[in-house]
file my_file_2.txt (compact mmCIF, C-alpha atoms)
# COMPACT_ATOMS: atom_id res chain seq x y z
CA MET Y 1 -32.11 83.37 -30.53
CA ARG Y 2 -34.88 80.93 -29.97
CA PHE Y 3 -35.22 79.75 -26.39
CA SER Y 4 -34.49 76.07 -27.25
CA ALA Y 5 -31.28 77.07 -29.06
CA PHE Y 6 -30.23 79.18 -26.10
CA VAL Y 7 -30.79 76.32 -23.70
CA PHE Y 8 -28.73 73.95 -25.89
CA ALA Y 9 -25.85 76.43 -26.18
CA ALA Y 10 -25.85 77.04 -22.45
CA ALA Y 11 -25.86 73.31 -21.69
CA THR Y 12 -22.97 72.76 -24.09
CA ILE Y 13 -20.90 75.52 -22.49
CA LEU Y 14 -21.65 74.16 -19.01
CA ALA Y 15 -20.71 70.59 -19.97
CA PHE Y 16 -17.43 71.77 -21.52
CA ALA Y 17 -16.62 73.81 -18.43
CA GLN Y 18 -17.15 70.77 -16.20
CA GLN Y 19 -14.77 68.52 -18.16
CA PRO Y 20 -11.49 67.88 -16.32
CA PRO Y 21 -8.31 69.20 -17.90
CA ALA Y 22 -6.37 66.85 -20.14
CA GLY Y 23 -4.73 64.22 -17.92
CA PRO Y 24 -1.90 61.69 -18.29
CA LYS Y 25 -1.93 59.42 -21.29
CA PRO Y 26 -0.85 55.78 -21.46
CA GLN Y 27 1.91 56.83 -23.83
CA ASP Y 28 3.46 59.03 -21.13
CA THR Y 29 4.76 55.93 -19.34
CA GLU Y 30 5.72 53.83 -22.36
CA VAL Y 31 9.47 53.31 -22.83
CA TRP Y 32 10.64 52.10 -26.25
CA GLU Y 33 14.43 52.25 -25.97
CA PRO Y 34 16.93 50.79 -25.33
CA VAL Y 35 15.60 47.52 -26.72
CA PRO Y 36 16.83 44.48 -24.74
CA LYS Y 37 19.14 42.18 -26.66
CA VAL Y 38 17.67 38.95 -27.94
CA VAL Y 39 18.84 35.86 -26.02
CA THR Y 40 17.93 32.41 -27.28
CA PRO Y 41 17.10 30.16 -24.34
CA GLY Y 42 18.49 26.66 -24.11
CA ALA Y 43 16.45 23.67 -25.18
CA THR Y 44 15.76 23.11 -21.47
CA ASP Y 45 16.02 25.42 -18.47
CA ALA Y 46 19.28 23.67 -17.54
CA ALA Y 47 20.86 24.19 -20.97
CA PRO Y 48 23.01 27.30 -21.51
CA PRO Y 49 21.32 30.19 -23.33
CA SER Y 50 22.94 31.79 -26.36
CA ASP Y 51 24.84 34.45 -24.38
CA ALA Y 52 26.25 32.08 -21.74
CA ILE Y 53 29.91 31.27 -21.22
CA VAL Y 54 30.15 27.50 -20.83
CA LEU Y 55 32.64 26.71 -18.07
CA PHE Y 56 32.26 22.93 -18.20
CA ASP Y 57 30.45 21.02 -20.95
CA GLY Y 58 31.74 17.55 -20.13
CA LYS Y 59 34.66 17.57 -22.55
CA ASN Y 60 37.67 19.13 -20.85
CA LEU Y 61 39.00 21.55 -18.23
CA ASP Y 62 40.16 24.23 -20.68
CA GLU Y 63 38.34 26.93 -18.66
CA TRP Y 64 39.93 25.91 -15.34
CA VAL Y 65 43.28 26.07 -13.55
CA SER Y 66 44.67 25.08 -10.16
CA ALA Y 67 43.67 27.72 -7.61
CA LYS Y 68 47.05 27.56 -5.85
CA ASP Y 69 49.41 28.21 -8.77
CA HIS Y 70 47.28 28.52 -11.96
CA SER Y 71 48.78 25.37 -13.45
CA PRO Y 72 46.43 23.13 -15.49
CA ALA Y 73 43.52 21.80 -13.44
CA GLN Y 74 43.94 18.15 -12.42
CA TRP Y 75 40.42 17.05 -11.53
CA ILE Y 76 38.95 14.01 -13.28
CA VAL Y 77 36.83 14.29 -16.45
CA LYS Y 78 35.04 11.09 -17.43
CA ASP Y 79 31.70 10.33 -19.09
CA SER Y 80 30.91 14.07 -19.34
CA ILE Y 81 31.27 14.46 -15.56
CA LEU Y 82 33.85 16.41 -13.54
CA THR Y 83 34.88 14.68 -10.30
CA VAL Y 84 36.83 16.26 -7.48
CA SER Y 85 40.37 14.96 -7.09
CA LYS Y 86 41.42 14.54 -3.47
CA ALA Y 87 44.89 13.43 -4.41
CA GLN Y 88 47.58 15.10 -2.35
CA GLY Y 89 48.69 18.40 -3.80
CA VAL Y 90 45.83 18.83 -6.29
CA GLY Y 91 43.46 21.04 -4.32
CA ASN Y 92 40.87 23.54 -5.47
CA ILE Y 93 40.33 24.64 -9.06
CA GLU Y 94 39.12 27.99 -10.36
CA THR Y 95 38.14 29.59 -13.65
CA LYS Y 96 40.71 31.23 -15.89
CA ARG Y 97 38.26 34.05 -16.47
CA ARG Y 98 37.32 36.63 -13.87
CA PHE Y 99 33.81 37.88 -13.25
CA LYS Y 100 31.89 40.56 -11.40
CA ASN Y 101 28.08 40.28 -11.48
CA TYR Y 102 26.50 37.21 -13.02
CA GLN Y 103 23.94 34.41 -13.22
CA LEU Y 104 25.50 30.99 -12.58
CA HIS Y 105 24.20 27.46 -13.21
CA VAL Y 106 25.94 24.52 -11.49
CA GLU Y 107 24.89 20.88 -11.18
CA TRP Y 108 26.48 18.58 -8.58
CA ARG Y 109 26.04 15.06 -7.25
CA ILE Y 110 26.90 13.37 -3.98
CA PRO Y 111 28.03 9.77 -4.68
CA GLU Y 112 25.47 7.12 -3.86
CA ASN Y 113 27.98 5.24 -1.68
CA ILE Y 114 28.77 8.31 0.45
CA THR Y 115 29.98 7.70 4.00
CA GLY Y 116 30.68 9.98 6.93
CA THR Y 117 28.51 12.39 8.90
CA ASP Y 118 28.07 16.09 9.54
CA GLN Y 119 30.59 18.15 7.52
CA ALA Y 120 32.57 15.04 6.53
CA ARG Y 121 29.95 13.83 4.07
CA GLY Y 122 30.32 14.99 0.47
CA ASN Y 123 31.73 18.37 1.38
CA SER Y 124 32.69 20.88 -1.31
CA GLY Y 125 31.87 24.47 -2.17
CA VAL Y 126 31.21 26.86 -5.02
CA PHE Y 127 33.16 30.03 -4.31
CA LEU Y 128 31.19 32.80 -5.99
CA ALA Y 129 34.29 34.97 -5.96
CA SER Y 130 37.73 33.50 -5.31
CA THR Y 131 39.92 36.20 -3.79
CA GLY Y 132 43.05 34.16 -3.23
CA PRO Y 133 44.47 30.65 -2.82
CA GLY Y 134 42.99 28.05 -0.51
CA ASP Y 135 39.47 28.88 0.61
CA ALA Y 136 39.69 32.66 0.27
CA GLY Y 137 36.48 34.16 -1.08
CA TYR Y 138 32.72 33.80 -0.79
CA GLU Y 139 31.46 30.22 -0.47
CA LEU Y 140 28.12 28.65 -1.35
CA GLN Y 141 28.23 25.35 0.52
CA VAL Y 142 27.96 21.96 -1.20
CA LEU Y 143 27.22 19.04 1.14
CA ASP Y 144 25.01 16.01 1.53
CA SER Y 145 22.07 17.52 3.42
CA TYR Y 146 19.67 14.63 2.83
CA ASN Y 147 19.09 13.28 6.36
CA ASN Y 148 22.52 14.49 7.44
CA LYS Y 149 22.52 16.65 10.56
CA THR Y 150 24.99 19.54 10.73
CA TYR Y 151 25.04 23.20 11.78
CA VAL Y 152 22.41 24.95 9.67
CA ASN Y 153 24.67 27.76 8.42
CA GLY Y 154 26.92 25.05 6.99
CA MET Y 155 24.37 22.84 5.22
CA ALA Y 156 23.81 22.67 1.47
CA GLY Y 157 22.39 25.94 0.18
CA SER Y 158 24.00 28.03 2.91
CA LEU Y 159 26.33 30.92 2.27
CA TYR Y 160 28.84 29.27 4.53
CA LYS Y 161 28.79 30.49 8.15
CA GLN Y 162 26.57 33.47 7.19
CA ALA Y 163 23.18 32.56 5.72
CA ILE Y 164 20.89 29.72 6.76
CA PRO Y 165 18.92 28.32 3.80
CA LEU Y 166 15.22 29.18 3.72
CA ALA Y 167 14.43 25.51 3.00
CA ASN Y 168 16.16 22.13 2.56
CA PRO Y 169 15.25 20.74 -0.88
CA ALA Y 170 18.22 18.34 -1.03
CA ARG Y 171 17.85 15.17 -3.07
CA LYS Y 172 19.28 11.90 -1.84
CA PRO Y 173 22.86 10.83 -2.69
CA GLY Y 174 23.27 9.55 -6.22
CA GLU Y 175 20.84 12.13 -7.68
CA TRP Y 176 21.88 15.34 -9.43
CA GLN Y 177 21.30 18.64 -7.63
CA THR Y 178 21.15 22.13 -9.16
CA TYR Y 179 22.19 25.59 -8.02
CA GLU Y 180 20.97 28.70 -9.85
CA VAL Y 181 22.76 31.75 -8.47
CA VAL Y 182 22.53 35.50 -9.00
CA TRP Y 183 25.68 37.17 -7.65
CA ASN Y 184 26.03 40.92 -7.12
CA ALA Y 185 29.65 41.60 -6.29
CA PRO Y 186 30.62 44.12 -3.61
CA LEU Y 187 31.81 47.56 -4.64
CA PHE Y 188 34.59 49.39 -2.81
CA ASN Y 189 35.70 52.96 -2.38
CA ASP Y 190 39.24 53.96 -3.29
CA ASP Y 191 40.34 53.60 0.33
CA GLY Y 192 39.07 49.99 0.48
CA THR Y 193 35.92 50.69 2.48
CA VAL Y 194 32.71 49.06 1.32
CA LYS Y 195 30.57 51.16 -1.00
CA THR Y 196 27.97 48.43 -1.66
CA PRO Y 197 28.00 44.96 -0.02
CA ALA Y 198 27.72 41.67 -1.89
CA TYR Y 199 24.31 40.07 -2.41
CA ALA Y 200 23.44 36.52 -3.41
CA THR Y 201 20.19 34.90 -4.52
CA VAL Y 202 20.21 31.09 -4.72
CA PHE Y 203 17.72 28.56 -6.05
CA PHE Y 204 18.48 24.99 -4.95
CA ASN Y 205 16.69 22.34 -7.03
CA GLY Y 206 14.26 25.07 -8.12
CA VAL Y 207 13.52 26.20 -4.55
CA LEU Y 208 14.53 29.67 -3.34
CA VAL Y 209 16.96 29.19 -0.43
CA GLU Y 210 18.77 32.57 -0.34
CA ASN Y 211 16.76 35.69 -1.16
CA HIS Y 212 19.05 38.60 -2.08
CA PHE Y 213 21.06 37.94 1.06
CA GLU Y 214 23.51 40.66 2.09
CA LEU Y 215 26.90 39.16 2.91
CA LYS Y 216 28.95 40.60 5.75
CA GLY Y 217 32.25 39.80 4.07
CA GLU Y 218 34.28 36.84 2.86
CA THR Y 219 33.78 33.30 4.13
CA LEU Y 220 35.68 32.47 7.30
CA TYR Y 221 35.75 29.09 9.04
CA ILE Y 222 36.74 30.75 12.31
CA GLY Y 223 35.81 34.30 13.27
CA LYS Y 224 33.54 37.00 11.89
CA PRO Y 225 33.45 37.79 8.16
CA TYR Y 226 34.96 41.01 6.81
CA TYR Y 227 35.56 42.53 3.39
CA LYS Y 228 38.80 42.80 1.45
CA LYS Y 229 38.83 45.02 -1.62
CA TYR Y 230 38.75 43.31 -5.03
CA ASP Y 231 37.35 44.12 -8.46
CA THR Y 232 36.77 40.94 -10.48
CA ALA Y 233 37.42 37.34 -9.40
CA PRO Y 234 37.39 33.75 -10.64
CA ILE Y 235 34.81 31.18 -9.58
CA LYS Y 236 36.35 28.39 -7.50
CA LEU Y 237 35.36 24.78 -6.77
CA GLN Y 238 36.58 23.25 -3.53
CA ALA Y 239 38.39 19.97 -2.98
CA HIS Y 240 37.52 19.54 0.68
CA GLY Y 241 39.88 17.58 2.89
CA ASP Y 242 37.35 15.21 4.44
CA ARG Y 243 37.72 11.48 3.72
CA SER Y 244 34.30 10.85 2.19
CA GLU Y 245 33.99 9.81 -1.44
CA PRO Y 246 34.56 12.71 -3.86
CA LEU Y 247 31.52 14.33 -5.40
CA SER Y 248 31.00 15.39 -9.03
CA TYR Y 249 29.94 18.41 -11.11
CA ARG Y 250 28.49 18.89 -14.58
CA ASN Y 251 26.85 21.49 -16.84
CA ILE Y 252 28.41 24.68 -15.48
CA TRP Y 253 27.67 27.93 -17.27
CA ILE Y 254 27.53 31.63 -16.52
CA ARG Y 255 25.90 34.80 -17.87
CA GLU Y 256 27.60 38.08 -17.08
CA ILE Y 257 25.32 40.87 -15.86
CA ASN Y 258 26.25 44.47 -16.60

call {"tool": "encode", "arguments": {"input": "my_file_2.txt", "output": "structure tokens"}}
result
Amino acid sequence: MRFSAFVFAAATILAFAQQPPAGPKPQDTEVWEPVPKVVTPGATDAAPPSDAIVLFDGKNLDEWVSAKDHSPAQWIVKDSILTVSKAQGVGNIETKRRFKNYQLHVEWRIPENITGTDQARGNSGVFLASTGPGDAGYELQVLDSYNNKTYVNGMAGSLYKQAIPLANPARKPGEWQTYEVVWNAPLFNDDGTVKTPAYATVFFNGVLVENHFELKGETLYIGKPYYKKYDTAPIKLQAHGDRSEPLSYRNIWIREIN
């Protein structure tokens, strides 16, 4: 073998020996299945996507019943708006359907002529899981929090008496407000003990006010929260007993999360 050929062969063998072994490939971390289902978004971010269940579209209360006895809901539907009825004996309303984990869109409006102060000023609530009559369940507070002083774990955007909002993006009375909620329901063991607590993420007028907050149990006006076992539950809207002018809701829809 000529010397130049020997040198070339030796260099080739040395270069091959110095190459690292075959390593990971991009394809090793590519996942192709299952393919997510196609969901057509609404014409606007506020409009329900194609897989949403519309709970109130401005036409009727077919998706709602009285929370106390499941008779037909008696709140007021006019001009595509749902207004709380504070008439004696009417009370809260809740969905006919029951849910577990979901994404929820709710729009609400404090009347422009609102009166009162503190908690007696446009008070209502979205119960993310209604576990019984009255105010049983897990409440996301609705209240006029535009220049209205109250305890901070009871202002708009709070998970009532548990979570203080991270910000106060409330609009003034007469303007529509929006809640976007992700609700992860609690899971329970067979003996009723908590396997996984409830978590809630809330955007209020596009601003994050509750960031995957871990709830300590159901909403209580007096005392410390605690859990009671349930599986699925309706969503409830509150007719609060204060004397201020009743507020309104519109464009309510939900997407179930498996």

call {"tool": "closest_residue", "arguments": {"input": "my_file_2.txt", "among": "Y:Asn251, Y:Asn205, Y:Thr219, Y:Asn123", "to": "Leu159 in chain Y", "atoms": "all atoms listed in the file"}}
result
Y:Thr219

call {"tool": "closest_residue", "arguments": {"input": "my_file_2.txt", "among": "Y:Ser80, Y:Gln162, Y:Thr117, Y:Asn168", "to": "Glu139 in chain Y", "atoms": "only C-alpha atoms"}}
result
Y:Gln162

call {"tool": "residues_around", "arguments": {"input": "my_file_2.txt", "residues": "Gln74 in chain Y", "least_positions_apart": "2", "cutoff": "7 Å", "atoms": "only C-alpha atoms", "output": "number ranges by chain"}}
result
Y: 72, 76, 90

call {"tool": "residues_around", "arguments": {"input": "my_file_2.txt", "residues": "Gly134 in chain Y", "least_positions_apart": "3", "cutoff": "9 Å", "atoms": "only C-alpha atoms", "output": "number ranges by chain"}}
result
Y: 67-68, 91-92, 130, 137, 238

call {"tool": "write_last_selection", "arguments": {"input": "my_file_2.txt", "atoms": "C-alpha atoms", "output": "mmCIF file, keeping the file's coordinate frame"}}
result
data_model
loop_
_atom_site.group_PDB
_atom_site.id
_atom_site.type_symbol
_atom_site.label_atom_id
_atom_site.label_comp_id
_atom_site.auth_asym_id
_atom_site.auth_seq_id
_atom_site.Cartn_x
_atom_site.Cartn_y
_atom_site.Cartn_z
ATOM 1 C CA ALA Y 67 43.670 27.720 -7.610
ATOM 2 C CA LYS Y 68 47.050 27.560 -5.850
ATOM 3 C CA GLY Y 91 43.460 21.040 -4.320
ATOM 4 C CA ASN Y 92 40.870 23.540 -5.470
ATOM 5 C CA SER Y 130 37.730 33.500 -5.310
ATOM 6 C CA GLY Y 137 36.480 34.160 -1.080
ATOM 7 C CA GLN Y 238 36.580 23.250 -3.530
#

call {"tool": "residues_around", "arguments": {"input": "my_file_2.txt", "residues": "Leu187 in chain Y", "least_positions_apart": "3", "cutoff": "9 Å", "atoms": "only C-alpha atoms", "output": "list in words"}}
result
Thr193, Val194, Lys195, Thr196, Pro197, Ala198, Lys229, Tyr230 and Asp231 of chain Y

call {"tool": "residues_around", "arguments": {"input": "my_file_2.txt", "residues": "Ala170 in chain Y", "least_positions_apart": "4", "cutoff": "12 Å", "atoms": "all atoms listed in the file", "output": "ChimeraX atom specification"}}
result
/Y:108-110,142-148,155-158,165,174-179,203-207,209

call {"tool": "residues_around", "arguments": {"input": "my_file_2.txt", "residues": "Phe99 in chain Y", "least_positions_apart": "6", "cutoff": "10 Å", "atoms": "all atoms listed in the file", "output": "count of residues only"}}
result
14

call {"tool": "closest_residue", "arguments": {"input": "my_file_2.txt", "among": "Y:Glu210, Y:Pro36, Y:Ala239, Y:Leu104", "to": "Ser66 in chain Y", "atoms": "only C-alpha atoms"}}
result
Y:Ala239

call {"tool": "atom_distance", "arguments": {"input": "my_file_2.txt", "atom1": "CA of Val152 in chain Y", "atom2": "CA of Ala120 in chain Y"}}
result
14.5 Å

call {"tool": "closest_residue", "arguments": {"input": "my_file_2.txt", "among": "Y:Lys149, Y:Lys228, Y:Lys216, Y:Lys161", "to": "Asp118 in chain Y", "atoms": "all atoms listed in the file"}}
result
Y:Lys149

call {"tool": "axis_aligned_box", "arguments": {"input": "my_file_2.txt", "around": "range 119-138 of chain Y", "padding_each_side": "6 Å", "output": "lines of an AutoDock Vina configuration file"}}
result
center_x = 37.2
center_y = 25.0
center_z = 0.8
size_x = 26.5
size_y = 34.4
size_z = 25.5

call {"tool": "atom_distance", "arguments": {"input": "my_file_2.txt", "atom1": "CA of Lys78 in chain Y", "atom2": "CA of Thr115 in chain Y"}}
result
22.3 Å
